[in-house]
Amino acid sequence: MNLKKMTAIVLAAALTAGTLCGCGNASGVPGAEETGKADTQDSQAASPKETKDVTIWYYWETEGHQQALSKVIEDYNTSQDDCMVTAKYVPFDDFKKQLSIGASAAELPDIVILDSPDHAAYAQMGIFEDISGKFDVDDYYEGTVNSCTIDGTLYGVPFGVNCLALYYNKDLLDAAGVKPPTTWDELKTAAGKLTTDHVTGIAISSVQNEEGTFNFMPWVWSAGASFDEIDSKGGQKALAFLQSLVQEGVMSSECINWTQGDVVNQFMAGNVAMMENGPWQIPTMQSQAKDLNWGVTLLPKDEEYASVLGGENYAVVKGGNVEGAIAFLEYATQDEQVKYLMEHFGYISADKSIAENQFDADSVYQPFVEQLEYARPRGPLADWPSVSDAISLAFNKVITGGATPEEAAKEAQTTIDGIIR
């Protein structure tokens, strides 16, 4: 071990021994100010209460997100004087690298807020604290808890979540005499009736990256398969169904180039009658397409309803100020703070008891709350990025017609087996 790292560890141990969060005043004498001795009182006044900071790393670049987190931190710091919490912005492109470098250099924060599919990789590196039994997640959506649980051990707390559902243009559906579809067969029929010279029935982001995988996995799960069963009856069925939408002309092959942002732009322009997308698009639609008459419903199902879980998790770093970190998380996950954060993030609370009362019954967000009941995490798996690449490639190939569903599924399965078997 190098001298720098040894010094950091020794210093950390010394700080932990002397300045644990929640310690009393510096004199260690309870009620000393009541003894009537002026010198003792003066000594107490001159000795500030010892604290140990809690630091947080996050990657949100949106100013509103940063301000919302800062507000909760400031309120917490004002509410107590045991710990001072500060936060540091780390750009998303550098976040994983800095987390890995920090782990080897013993220079990590006390809490990280990270993308949920990345959680497993860092938990298996051993840098996150086991908080099983230290934090109650009984009321949280099962999928959100699974995203930060490895082999039955809890390594984090869900921050906030989102998922995918089906948006539809009410005016176009009414004109075509179509009701919002609930099954795959109904979806294909509806998309056919809605497709004209200027409108395609449905759009699904099919780019070859994590965004493509994010949009594809609900169809795999709905068909009864999983991420490690792409070359199965269910996996092939999901690939074949989505390929048929393009082959029958009810979904544009241009979807291979459309991000979720591009898809919503096509929907707002009236070029697409239905789309798979998330709740983070709602503020944009409400501000930029005020005259658009639209609704949201569950993603149509094959064998079962399904969606994919998005969002972030909190993780407590092992060897840091664990006590102080958990104390902050207990504050930040209270109803008032969660509702404030979710409102400013456009997210849904991962705590089911809060989410169920987060929106009015007629809110456009409400279908996403219902959809969360069927949402699943990607993984959890330390090698998820590599698996995701294989899945999005298979999805992309069938959309472009570069491979049959059987060929694409077999190729993806071979790659995935080589990663996880």
# chains A, B, ... in the order shown; residues from 1 in each chain; ligands from 1

$ residues_around --residues "Phe92 in chain A" --least-positions-apart "3" --cutoff "12 Å" --atoms "only C-alpha atoms" --output "list in words"
Trp57, Tyr58, Tyr59, Trp60, Glu61, Thr62, Tyr89, Phe95, Lys96, Lys97, Gln98, Leu99, Ile113, Leu114 and Asp115 of chain A

$ write_last_selection --atoms "N, CA, C and O atoms" --output "PDB file, in the first residue's frame"
ATOM      1  N   TRP A  57     -21.870  12.722  -4.086  1.00  0.00           N
ATOM      2  CA  TRP A  57     -21.574  12.909  -5.499  1.00  0.00           C
ATOM      3  C   TRP A  57     -22.840  12.624  -6.310  1.00  0.00           C
ATOM      4  O   TRP A  57     -23.558  11.665  -6.033  1.00  0.00           O
ATOM      5  N   TYR A  58     -23.084  13.460  -7.328  1.00  0.00           N
ATOM      6  CA  TYR A  58     -24.216  13.238  -8.231  1.00  0.00           C
ATOM      7  C   TYR A  58     -23.807  13.705  -9.623  1.00  0.00           C
ATOM      8  O   TYR A  58     -22.797  14.401  -9.785  1.00  0.00           O
ATOM      9  N   TYR A  59     -24.596  13.329 -10.655  1.00  0.00           N
ATOM     10  CA  TYR A  59     -24.224  13.683 -12.036  1.00  0.00           C
ATOM     11  C   TYR A  59     -25.265  14.521 -12.760  1.00  0.00           C
ATOM     12  O   TYR A  59     -25.128  14.785 -13.954  1.00  0.00           O
ATOM     13  N   TRP A  60     -26.317  14.964 -12.080  1.00  0.00           N
ATOM     14  CA  TRP A  60     -27.360  15.745 -12.761  1.00  0.00           C
ATOM     15  C   TRP A  60     -26.810  17.098 -13.206  1.00  0.00           C
ATOM     16  O   TRP A  60     -26.294  17.872 -12.396  1.00  0.00           O
ATOM     17  N   GLU A  61     -26.961  17.386 -14.468  1.00  0.00           N
ATOM     18  CA  GLU A  61     -26.461  18.660 -14.978  1.00  0.00           C
ATOM     19  C   GLU A  61     -27.560  19.709 -15.080  1.00  0.00           C
ATOM     20  O   GLU A  61     -27.277  20.895 -15.228  1.00  0.00           O
ATOM     21  N   THR A  62     -28.823  19.276 -14.983  1.00  0.00           N
ATOM     22  CA  THR A  62     -29.935  20.222 -15.063  1.00  0.00           C
ATOM     23  C   THR A  62     -29.944  21.120 -13.835  1.00  0.00           C
ATOM     24  O   THR A  62     -29.907  20.645 -12.701  1.00  0.00           O
ATOM     25  N   TYR A  89     -21.017  18.040  -7.932  1.00  0.00           N
ATOM     26  CA  TYR A  89     -21.427  17.611  -9.266  1.00  0.00           C
ATOM     27  C   TYR A  89     -20.254  16.990 -10.004  1.00  0.00           C
ATOM     28  O   TYR A  89     -19.179  17.584 -10.110  1.00  0.00           O
ATOM     29  N   PHE A  95     -18.402  10.216 -14.340  1.00  0.00           N
ATOM     30  CA  PHE A  95     -18.862   9.736 -13.037  1.00  0.00           C
ATOM     31  C   PHE A  95     -18.297   8.352 -12.705  1.00  0.00           C
ATOM     32  O   PHE A  95     -17.728   8.133 -11.631  1.00  0.00           O
ATOM     33  N   LYS A  96     -18.456   7.410 -13.640  1.00  0.00           N
ATOM     34  CA  LYS A  96     -17.985   6.048 -13.381  1.00  0.00           C
ATOM     35  C   LYS A  96     -16.474   6.015 -13.205  1.00  0.00           C
ATOM     36  O   LYS A  96     -15.945   5.311 -12.344  1.00  0.00           O
ATOM     37  N   LYS A  97     -15.769   6.794 -14.035  1.00  0.00           N
ATOM     38  CA  LYS A  97     -14.313   6.811 -13.957  1.00  0.00           C
ATOM     39  C   LYS A  97     -13.855   7.347 -12.610  1.00  0.00           C
ATOM     40  O   LYS A  97     -12.968   6.765 -11.971  1.00  0.00           O
ATOM     41  N   GLN A  98     -14.457   8.462 -12.163  1.00  0.00           N
ATOM     42  CA  GLN A  98     -14.052   9.042 -10.886  1.00  0.00           C
ATOM     43  C   GLN A  98     -14.407   8.132  -9.721  1.00  0.00           C
ATOM     44  O   GLN A  98     -13.685   8.061  -8.731  1.00  0.00           O
ATOM     45  N   LEU A  99     -15.507   7.418  -9.854  1.00  0.00           N
ATOM     46  CA  LEU A  99     -15.897   6.497  -8.793  1.00  0.00           C
ATOM     47  C   LEU A  99     -14.885   5.355  -8.710  1.00  0.00           C
ATOM     48  O   LEU A  99     -14.486   4.943  -7.614  1.00  0.00           O
ATOM     49  N   ILE A 113     -25.121   9.200  -5.720  1.00  0.00           N
ATOM     50  CA  ILE A 113     -26.426   9.050  -6.363  1.00  0.00           C
ATOM     51  C   ILE A 113     -26.127   8.622  -7.787  1.00  0.00           C
ATOM     52  O   ILE A 113     -25.587   9.397  -8.572  1.00  0.00           O
ATOM     53  N   LEU A 114     -26.450   7.376  -8.142  1.00  0.00           N
ATOM     54  CA  LEU A 114     -26.006   6.813  -9.410  1.00  0.00           C
ATOM     55  C   LEU A 114     -27.150   6.159 -10.170  1.00  0.00           C
ATOM     56  O   LEU A 114     -28.194   5.830  -9.600  1.00  0.00           O
ATOM     57  N   ASP A 115     -26.930   5.978 -11.455  1.00  0.00           N
ATOM     58  CA  ASP A 115     -27.914   5.353 -12.330  1.00  0.00           C
ATOM     59  C   ASP A 115     -28.161   3.925 -11.848  1.00  0.00           C
ATOM     60  O   ASP A 115     -27.214   3.164 -11.600  1.00  0.00           O
TER      61      ASP A 115
END

$ residues_around --residues "Glu336 in chain A" --least-positions-apart "2" --cutoff "12 Å" --atoms "only C-alpha atoms" --output "ChimeraX atom specification"
/A:72,75,330-334,338-343,349,354,357-358

$ write_last_selection --atoms "N, CA and C atoms" --output "mmCIF file, in the first residue's frame"
data_model
loop_
_atom_site.group_PDB
_atom_site.id
_atom_site.type_symbol
_atom_site.label_atom_id
_atom_site.label_comp_id
_atom_site.auth_asym_id
_atom_site.auth_seq_id
_atom_site.Cartn_x
_atom_site.Cartn_y
_atom_site.Cartn_z
ATOM 1 N N VAL A 72 -32.872 20.585 -0.308
ATOM 2 C CA VAL A 72 -33.058 19.534 0.697
ATOM 3 C C VAL A 72 -31.838 19.451 1.610
ATOM 4 N N ASP A 75 -31.839 22.473 3.994
ATOM 5 C CA ASP A 75 -32.850 22.299 5.038
ATOM 6 C C ASP A 75 -32.383 21.303 6.092
ATOM 7 N N GLU A 330 -32.402 9.160 5.924
ATOM 8 C CA GLU A 330 -33.667 9.073 6.654
ATOM 9 C C GLU A 330 -34.441 10.381 6.541
ATOM 10 N N TYR A 331 -33.716 11.501 6.533
ATOM 11 C CA TYR A 331 -34.362 12.807 6.360
ATOM 12 C C TYR A 331 -34.827 13.001 4.922
ATOM 13 N N ALA A 332 -33.946 12.707 3.966
ATOM 14 C CA ALA A 332 -34.238 12.976 2.549
ATOM 15 C C ALA A 332 -35.342 12.091 1.993
ATOM 16 N N THR A 333 -35.648 10.993 2.674
ATOM 17 C CA THR A 333 -36.680 10.078 2.185
ATOM 18 C C THR A 333 -38.005 10.231 2.926
ATOM 19 N N GLN A 334 -38.122 11.278 3.729
ATOM 20 C CA GLN A 334 -39.405 11.581 4.360
ATOM 21 C C GLN A 334 -40.369 12.161 3.318
ATOM 22 N N VAL A 338 -39.320 14.027 -0.251
ATOM 23 C CA VAL A 338 -39.480 13.214 -1.457
ATOM 24 C C VAL A 338 -40.422 13.902 -2.444
ATOM 25 N N LYS A 339 -41.545 14.392 -1.955
ATOM 26 C CA LYS A 339 -42.507 15.052 -2.842
ATOM 27 C C LYS A 339 -41.880 16.287 -3.499
ATOM 28 N N TYR A 340 -41.081 17.017 -2.737
ATOM 29 C CA TYR A 340 -40.413 18.202 -3.291
ATOM 30 C C TYR A 340 -39.439 17.797 -4.399
ATOM 31 N N LEU A 341 -38.619 16.783 -4.132
ATOM 32 C CA LEU A 341 -37.637 16.344 -5.118
ATOM 33 C C LEU A 341 -38.310 15.796 -6.376
ATOM 34 N N MET A 342 -39.319 14.957 -6.186
ATOM 35 C CA MET A 342 -39.976 14.343 -7.340
ATOM 36 C C MET A 342 -40.664 15.395 -8.215
ATOM 37 N N GLU A 343 -41.255 16.403 -7.584
ATOM 38 C CA GLU A 343 -41.920 17.470 -8.343
ATOM 39 C C GLU A 343 -40.929 18.193 -9.233
ATOM 40 N N SER A 349 -42.026 8.821 -6.945
ATOM 41 C CA SER A 349 -41.375 8.309 -5.751
ATOM 42 C C SER A 349 -41.216 6.801 -5.833
ATOM 43 N N ILE A 354 -45.822 6.851 -0.856
ATOM 44 C CA ILE A 354 -45.778 8.258 -1.271
ATOM 45 C C ILE A 354 -46.287 8.394 -2.700
ATOM 46 N N ASN A 357 -49.997 8.675 -3.481
ATOM 47 C CA ASN A 357 -50.645 9.943 -3.131
ATOM 48 C C ASN A 357 -49.918 11.147 -3.714
ATOM 49 N N GLN A 358 -48.989 10.881 -4.607
ATOM 50 C CA GLN A 358 -48.177 11.962 -5.178
ATOM 51 C C GLN A 358 -48.962 12.785 -6.184
#

$ atom_distance --atom1 "CA of Val272 in chain A" --atom2 "CA of Pro405 in chain A"
25.0 Å

$ select_by_dssp --residues "range 236-303 of chain A" --states "helix (DSSP H, G or I)" --output "PyMOL selection string"
chain A and resi 236-247+253-257+260-268+279-288

$ write_last_selection --atoms "N, CA, C and O atoms" --output "compact mmCIF listing (two decimals), in the first residue's frame"
# COMPACT_ATOMS: atom_id res chain seq x y z
N GLN A 236 -37.48 -14.39 -28.88
CA GLN A 236 -37.69 -14.36 -30.32
C GLN A 236 -39.04 -13.74 -30.68
O GLN A 236 -39.16 -13.01 -31.68
N LYS A 237 -40.04 -13.99 -29.84
CA LYS A 237 -41.36 -13.43 -30.11
C LYS A 237 -41.35 -11.92 -30.03
O LYS A 237 -41.98 -11.23 -30.84
N ALA A 238 -40.64 -11.37 -29.02
CA ALA A 238 -40.55 -9.92 -28.87
C ALA A 238 -39.85 -9.30 -30.07
O ALA A 238 -40.29 -8.27 -30.62
N LEU A 239 -38.75 -9.91 -30.52
CA LEU A 239 -38.03 -9.41 -31.69
C LEU A 239 -38.91 -9.48 -32.94
O LEU A 239 -38.95 -8.53 -33.74
N ALA A 240 -39.61 -10.58 -33.09
CA ALA A 240 -40.45 -10.77 -34.28
C ALA A 240 -41.61 -9.79 -34.30
O ALA A 240 -41.97 -9.25 -35.37
N PHE A 241 -42.20 -9.53 -33.14
CA PHE A 241 -43.33 -8.60 -33.09
C PHE A 241 -42.91 -7.20 -33.49
O PHE A 241 -43.57 -6.55 -34.31
N LEU A 242 -41.82 -6.72 -32.93
CA LEU A 242 -41.38 -5.36 -33.25
C LEU A 242 -40.90 -5.26 -34.70
O LEU A 242 -41.12 -4.24 -35.36
N GLN A 243 -40.27 -6.33 -35.20
CA GLN A 243 -39.88 -6.32 -36.61
C GLN A 243 -41.11 -6.25 -37.52
O GLN A 243 -41.11 -5.54 -38.53
N SER A 244 -42.19 -6.92 -37.12
CA SER A 244 -43.40 -6.94 -37.95
C SER A 244 -44.04 -5.56 -38.03
O SER A 244 -44.68 -5.23 -39.03
N LEU A 245 -43.88 -4.75 -36.98
CA LEU A 245 -44.45 -3.40 -37.02
C LEU A 245 -43.80 -2.58 -38.13
O LEU A 245 -44.48 -1.80 -38.82
N VAL A 246 -42.49 -2.76 -38.32
CA VAL A 246 -41.79 -2.05 -39.38
C VAL A 246 -42.14 -2.66 -40.74
O VAL A 246 -42.42 -1.94 -41.71
N GLN A 247 -42.12 -3.98 -40.81
CA GLN A 247 -42.39 -4.64 -42.09
C GLN A 247 -43.79 -4.34 -42.61
O GLN A 247 -44.00 -4.26 -43.82
N SER A 253 -38.94 2.74 -40.00
CA SER A 253 -37.60 2.19 -39.78
C SER A 253 -36.63 3.26 -39.31
O SER A 253 -35.54 2.96 -38.81
N GLU A 254 -37.03 4.54 -39.44
CA GLU A 254 -36.19 5.64 -38.96
C GLU A 254 -36.05 5.63 -37.44
O GLU A 254 -35.21 6.35 -36.89
N CYS A 255 -36.83 4.80 -36.77
CA CYS A 255 -36.73 4.70 -35.31
C CYS A 255 -35.36 4.25 -34.85
O CYS A 255 -35.00 4.45 -33.68
N ILE A 256 -34.57 3.64 -35.76
CA ILE A 256 -33.21 3.25 -35.38
C ILE A 256 -32.34 4.47 -35.15
O ILE A 256 -31.27 4.37 -34.53
N ASN A 257 -32.80 5.63 -35.63
CA ASN A 257 -32.04 6.87 -35.45
C ASN A 257 -32.69 7.81 -34.44
O ASN A 257 -32.16 8.89 -34.18
N GLN A 260 -35.35 8.94 -27.56
CA GLN A 260 -36.66 9.16 -26.97
C GLN A 260 -37.09 10.62 -27.14
O GLN A 260 -38.28 10.92 -27.27
N GLY A 261 -36.11 11.53 -27.15
CA GLY A 261 -36.41 12.93 -27.41
C GLY A 261 -36.90 13.15 -28.83
O GLY A 261 -37.82 13.95 -29.07
N ASP A 262 -36.30 12.43 -29.79
CA ASP A 262 -36.75 12.53 -31.18
C ASP A 262 -38.17 11.97 -31.33
O ASP A 262 -38.99 12.53 -32.07
N VAL A 263 -38.43 10.88 -30.63
CA VAL A 263 -39.76 10.25 -30.70
C VAL A 263 -40.83 11.21 -30.19
O VAL A 263 -41.88 11.37 -30.82
N VAL A 264 -40.58 11.88 -29.07
CA VAL A 264 -41.59 12.79 -28.55
C VAL A 264 -41.78 13.98 -29.48
O VAL A 264 -42.90 14.51 -29.62
N ASN A 265 -40.72 14.41 -30.16
CA ASN A 265 -40.87 15.50 -31.13
C ASN A 265 -41.76 15.09 -32.29
O ASN A 265 -42.58 15.88 -32.77
N GLN A 266 -41.60 13.86 -32.75
CA GLN A 266 -42.46 13.35 -33.82
C GLN A 266 -43.91 13.24 -33.35
O GLN A 266 -44.84 13.55 -34.11
N PHE A 267 -44.09 12.85 -32.11
CA PHE A 267 -45.44 12.73 -31.55
C PHE A 267 -46.09 14.11 -31.42
O PHE A 267 -47.26 14.29 -31.78
N MET A 268 -45.34 15.08 -30.92
CA MET A 268 -45.89 16.43 -30.76
C MET A 268 -46.22 17.06 -32.10
O MET A 268 -47.16 17.86 -32.21
N PRO A 279 -42.30 9.51 -18.31
CA PRO A 279 -42.97 10.67 -17.72
C PRO A 279 -42.15 11.95 -17.77
O PRO A 279 -42.71 13.04 -17.64
N TRP A 280 -40.84 11.83 -17.98
CA TRP A 280 -40.00 13.04 -18.05
C TRP A 280 -40.33 13.89 -19.28
O TRP A 280 -39.92 15.04 -19.34
N GLN A 281 -41.08 13.33 -20.23
CA GLN A 281 -41.48 14.07 -21.42
C GLN A 281 -42.70 14.96 -21.17
O GLN A 281 -42.97 15.87 -21.97
N ILE A 282 -43.40 14.72 -20.08
CA ILE A 282 -44.65 15.44 -19.84
C ILE A 282 -44.46 16.95 -19.72
O ILE A 282 -45.20 17.72 -20.36
N PRO A 283 -43.48 17.45 -18.94
CA PRO A 283 -43.31 18.91 -18.87
C PRO A 283 -43.04 19.53 -20.24
O PRO A 283 -43.56 20.62 -20.54
N THR A 284 -42.25 18.85 -21.08
CA THR A 284 -41.97 19.37 -22.43
C THR A 284 -43.25 19.44 -23.25
O THR A 284 -43.52 20.45 -23.93
N MET A 285 -44.05 18.39 -23.21
CA MET A 285 -45.28 18.36 -23.99
C MET A 285 -46.27 19.42 -23.51
O MET A 285 -46.95 20.07 -24.30
N GLN A 286 -46.34 19.59 -22.21
CA GLN A 286 -47.28 20.57 -21.66
C GLN A 286 -46.89 22.00 -22.02
O GLN A 286 -47.75 22.87 -22.17
N SER A 287 -45.59 22.25 -22.20
CA SER A 287 -45.14 23.61 -22.53
C SER A 287 -45.03 23.86 -24.02
O SER A 287 -45.24 24.98 -24.49
N GLN A 288 -44.72 22.81 -24.81
CA GLN A 288 -44.46 22.99 -26.23
C GLN A 288 -45.59 22.52 -27.14
O GLN A 288 -45.59 22.82 -28.34

$ closest_residue --among "A:Pro91, A:Gly143, A:Gly234, A:Gly156" --to "Ile326 in chain A" --atoms "only C-alpha atoms"
A:Gly156

$ closest_residue --among "A:Val161, A:Ile399, A:Ile111, A:Val308" --to "Glu276 in chain A" --atoms "only C-alpha atoms"
A:Val308

$ closest_residue --among "A:Ser307, A:Ser252, A:Ala350, A:Asp228" --to "Asp197 in chain A" --atoms "only C-alpha atoms"
A:Ser252

$ select_by_dssp --residues "range 117-336 of chain A" --states "strand (DSSP E or B)" --output "short mmCIF file (atom, residue, chain, number, x, y, z; two decimals) with N, CA, C and O atoms, in the first residue's frame"
data_model
loop_
_atom_site.label_atom_id
_atom_site.label_comp_id
_atom_site.auth_asym_id
_atom_site.auth_seq_id
_atom_site.Cartn_x
_atom_site.Cartn_y
_atom_site.Cartn_z
N PHE A 128 -19.66 -0.28 -1.58
CA PHE A 128 -20.90 0.18 -0.95
C PHE A 128 -21.16 -0.56 0.35
O PHE A 128 -20.90 -1.76 0.47
N TYR A 140 -41.23 0.26 -0.53
CA TYR A 140 -40.73 0.64 -1.85
C TYR A 140 -41.17 -0.38 -2.91
O TYR A 140 -41.38 -1.56 -2.61
N THR A 149 -30.14 -4.40 -4.75
CA THR A 149 -29.99 -5.59 -3.91
C THR A 149 -29.21 -6.65 -4.67
O THR A 149 -29.55 -6.99 -5.80
N ILE A 150 -28.15 -7.16 -4.06
CA ILE A 150 -27.32 -8.20 -4.67
C ILE A 150 -27.28 -9.40 -3.73
O ILE A 150 -26.88 -9.27 -2.57
N THR A 153 -28.67 -8.92 -0.33
CA THR A 153 -28.07 -7.87 0.51
C THR A 153 -28.41 -6.50 -0.06
O THR A 153 -28.22 -6.26 -1.25
N LEU A 154 -28.88 -5.61 0.79
CA LEU A 154 -29.27 -4.27 0.37
C LEU A 154 -28.07 -3.33 0.39
O LEU A 154 -27.45 -3.10 1.43
N VAL A 157 -30.55 2.73 -1.49
CA VAL A 157 -31.94 3.15 -1.30
C VAL A 157 -32.38 3.84 -2.59
O VAL A 157 -31.69 4.75 -3.06
N PRO A 158 -33.48 3.43 -3.21
CA PRO A 158 -33.93 4.11 -4.42
C PRO A 158 -34.20 5.59 -4.17
O PRO A 158 -34.81 5.96 -3.16
N PHE A 159 -33.72 6.43 -5.08
CA PHE A 159 -33.94 7.87 -4.99
C PHE A 159 -35.31 8.25 -5.56
O PHE A 159 -36.15 8.83 -4.89
N GLY A 160 -35.49 7.94 -6.81
CA GLY A 160 -36.73 8.24 -7.50
C GLY A 160 -36.72 7.47 -8.80
O GLY A 160 -35.66 7.06 -9.27
N VAL A 161 -37.89 7.24 -9.36
CA VAL A 161 -37.95 6.33 -10.50
C VAL A 161 -38.81 6.88 -11.63
O VAL A 161 -39.57 7.83 -11.48
N ASN A 162 -38.66 6.23 -12.77
CA ASN A 162 -39.53 6.46 -13.91
C ASN A 162 -39.66 5.14 -14.64
O ASN A 162 -39.00 4.15 -14.29
N ALA A 165 -44.41 3.92 -20.66
CA ALA A 165 -45.83 3.60 -20.87
C ALA A 165 -46.17 3.99 -22.31
O ALA A 165 -45.30 4.40 -23.08
N LEU A 166 -47.44 3.87 -22.67
CA LEU A 166 -47.86 4.17 -24.04
C LEU A 166 -48.62 5.48 -24.08
O LEU A 166 -49.67 5.63 -23.47
N TYR A 167 -48.08 6.45 -24.82
CA TYR A 167 -48.77 7.71 -25.10
C TYR A 167 -49.61 7.53 -26.36
O TYR A 167 -49.21 6.81 -27.28
N TYR A 168 -50.75 8.22 -26.43
CA TYR A 168 -51.56 8.16 -27.65
C TYR A 168 -52.22 9.50 -27.92
O TYR A 168 -52.55 10.26 -27.00
N ASN A 169 -52.37 9.81 -29.20
CA ASN A 169 -53.03 11.04 -29.66
C ASN A 169 -54.53 10.79 -29.68
O ASN A 169 -55.03 10.03 -30.51
N THR A 183 -53.44 -5.07 -25.63
CA THR A 183 -52.67 -6.27 -25.95
C THR A 183 -51.83 -6.02 -27.20
O THR A 183 -52.04 -5.04 -27.92
N THR A 200 -47.52 7.65 -38.89
CA THR A 200 -47.28 6.23 -38.61
C THR A 200 -47.93 5.90 -37.27
O THR A 200 -48.06 6.76 -36.39
N GLY A 201 -48.35 4.66 -37.16
CA GLY A 201 -49.14 4.26 -35.99
C GLY A 201 -48.42 4.35 -34.68
O GLY A 201 -48.99 4.77 -33.67
N ILE A 202 -47.15 3.94 -34.65
CA ILE A 202 -46.42 3.91 -33.38
C ILE A 202 -44.94 4.17 -33.62
O ILE A 202 -44.40 3.91 -34.71
N ALA A 203 -44.27 4.70 -32.60
CA ALA A 203 -42.82 4.91 -32.65
C ALA A 203 -42.20 4.41 -31.35
O ALA A 203 -42.73 4.65 -30.26
N VAL A 272 -46.75 10.91 -35.46
CA VAL A 272 -46.85 9.59 -34.84
C VAL A 272 -48.09 9.59 -33.95
O VAL A 272 -48.33 10.55 -33.20
N ALA A 273 -48.89 8.52 -34.06
CA ALA A 273 -50.14 8.46 -33.30
C ALA A 273 -49.97 7.90 -31.89
O ALA A 273 -50.70 8.29 -30.97
N MET A 274 -49.01 6.99 -31.72
CA MET A 274 -48.74 6.39 -30.41
C MET A 274 -47.23 6.28 -30.24
O MET A 274 -46.49 6.15 -31.22
N MET A 275 -46.77 6.35 -28.99
CA MET A 275 -45.33 6.19 -28.76
C MET A 275 -45.09 5.57 -27.40
O MET A 275 -45.87 5.74 -26.46
N GLU A 276 -43.98 4.85 -27.31
CA GLU A 276 -43.48 4.36 -26.03
C GLU A 276 -42.53 5.42 -25.49
O GLU A 276 -41.58 5.80 -26.17
N ASN A 277 -42.80 5.92 -24.27
CA ASN A 277 -41.94 6.96 -23.72
C ASN A 277 -42.18 7.08 -22.21
O ASN A 277 -43.03 6.37 -21.64
N TRP A 294 -53.80 14.46 -25.81
CA TRP A 294 -53.13 13.17 -25.67
C TRP A 294 -53.45 12.51 -24.33
O TRP A 294 -53.96 13.13 -23.41
N GLY A 295 -53.16 11.22 -24.27
CA GLY A 295 -53.36 10.46 -23.04
C GLY A 295 -52.26 9.43 -22.88
O GLY A 295 -51.41 9.26 -23.76
N VAL A 296 -52.27 8.75 -21.73
CA VAL A 296 -51.27 7.73 -21.43
C VAL A 296 -51.98 6.49 -20.89
O VAL A 296 -52.94 6.60 -20.12
N THR A 297 -51.50 5.32 -21.28
CA THR A 297 -52.02 4.07 -20.76
C THR A 297 -50.88 3.08 -20.59
O THR A 297 -49.74 3.35 -20.99
N LYS A 301 -49.83 -5.67 -23.47
CA LYS A 301 -49.17 -6.87 -22.99
C LYS A 301 -49.33 -8.04 -23.95
O LYS A 301 -50.25 -8.10 -24.77
N SER A 307 -42.88 -3.22 -17.81
CA SER A 307 -42.20 -1.98 -18.16
C SER A 307 -40.79 -2.06 -17.61
O SER A 307 -40.43 -3.03 -16.92
N VAL A 308 -39.99 -1.06 -17.91
CA VAL A 308 -38.60 -1.04 -17.49
C VAL A 308 -38.40 0.08 -16.49
O VAL A 308 -38.98 1.15 -16.60
N GLY A 310 -36.42 2.98 -14.65
CA GLY A 310 -35.37 3.98 -14.81
C GLY A 310 -35.26 4.79 -13.53
O GLY A 310 -36.13 4.72 -12.65
N GLY A 311 -34.22 5.59 -13.42
CA GLY A 311 -34.06 6.43 -12.24
C GLY A 311 -32.74 6.16 -11.55
O GLY A 311 -31.88 5.43 -12.04
N GLU A 312 -32.58 6.77 -10.39
CA GLU A 312 -31.33 6.68 -9.64
C GLU A 312 -31.53 6.07 -8.26
O GLU A 312 -32.64 6.02 -7.74
N ASN A 313 -30.40 5.66 -7.68
CA ASN A 313 -30.37 5.16 -6.30
C ASN A 313 -29.36 5.93 -5.48
O ASN A 313 -28.36 6.42 -6.01
N TYR A 314 -29.61 6.01 -4.17
CA TYR A 314 -28.58 6.43 -3.23
C TYR A 314 -27.76 5.19 -2.86
O TYR A 314 -28.31 4.09 -2.74
N ALA A 315 -26.46 5.37 -2.65
CA ALA A 315 -25.63 4.30 -2.11
C ALA A 315 -24.71 4.89 -1.06
O ALA A 315 -24.13 5.97 -1.26
N VAL A 316 -24.57 4.21 0.07
CA VAL A 316 -23.69 4.64 1.14
C VAL A 316 -22.34 3.96 0.94
O VAL A 316 -22.26 2.75 0.75
N VAL A 317 -21.28 4.75 0.97
CA VAL A 317 -19.93 4.24 0.70
C VAL A 317 -19.35 3.61 1.96
O VAL A 317 -19.37 4.20 3.04
#

$ closest_residue --among "A:Glu129, A:Pro180, A:Gln208, A:Lys71" --to "Ser388 in chain A" --atoms "only C-alpha atoms"
A:Gln208

$ closest_residue --among "A:Leu372, A:Leu298, A:Ala87, A:Ala123" --to "Cys163 in chain A" --atoms "only C-alpha atoms"
A:Leu372

$ atom_distance --atom1 "CA of Gly320 in chain A" --atom2 "CA of Ser147 in chain A"
22.2 Å

$ closest_residue --among "A:Leu173, A:Asp151, A:Ile127, A:Ile348" --to "Gly102 in chain A" --atoms "only C-alpha atoms"
A:Ile127

$ residues_around --residues "Lys352 in chain A" --least-positions-apart "3" --cutoff "6 Å" --atoms "only C-alpha atoms" --output "PDB file with C-alpha atoms, in the first residue's frame"
ATOM      1  CA  ASP A 139     -42.898   0.217   1.243  1.00  0.00           C
ATOM      2  CA  TYR A 140     -40.731   0.637  -1.851  1.00  0.00           C
ATOM      3  CA  TYR A 141     -41.616  -0.822  -5.244  1.00  0.00           C
ATOM      4  CA  ALA A 355     -46.237   7.577  -4.994  1.00  0.00           C
ATOM      5  CA  GLU A 356     -49.852   6.513  -4.548  1.00  0.00           C
TER       6      GLU A 356
END

$ residues_around --residues "Gln124 in chain A" --least-positions-apart "5" --cutoff "10 Å" --atoms "only C-alpha atoms" --output "PyMOL selection string"
chain A and resi 119+150+155+381-382

$ residues_around --residues "Glu229 in chain A" --least-positions-apart "6" --cutoff "10 Å" --atoms "only C-alpha atoms" --output "PyMOL selection string"
chain A and resi 220-221+235-236+409-410+412-413+416-417

$ atom_distance --atom1 "CA of Pro300 in chain A" --atom2 "CA of Gly278 in chain A"
14.8 Å

$ decode --residues "range 242-247 of chain A" --atoms "C-alpha atoms" --output "mmCIF file, in the first residue's frame"
data_model
loop_
_atom_site.group_PDB
_atom_site.id
_atom_site.type_symbol
_atom_site.label_atom_id
_atom_site.label_comp_id
_atom_site.auth_asym_id
_atom_site.auth_seq_id
_atom_site.Cartn_x
_atom_site.Cartn_y
_atom_site.Cartn_z
ATOM 1 C CA LEU A 242 -41.382 -5.360 -33.252
ATOM 2 C CA GLN A 243 -39.877 -6.319 -36.611
ATOM 3 C CA SER A 244 -43.395 -6.937 -37.949
ATOM 4 C CA LEU A 245 -44.449 -3.397 -37.016
ATOM 5 C CA VAL A 246 -41.789 -2.055 -39.384
ATOM 6 C CA GLN A 247 -42.389 -4.642 -42.090
#
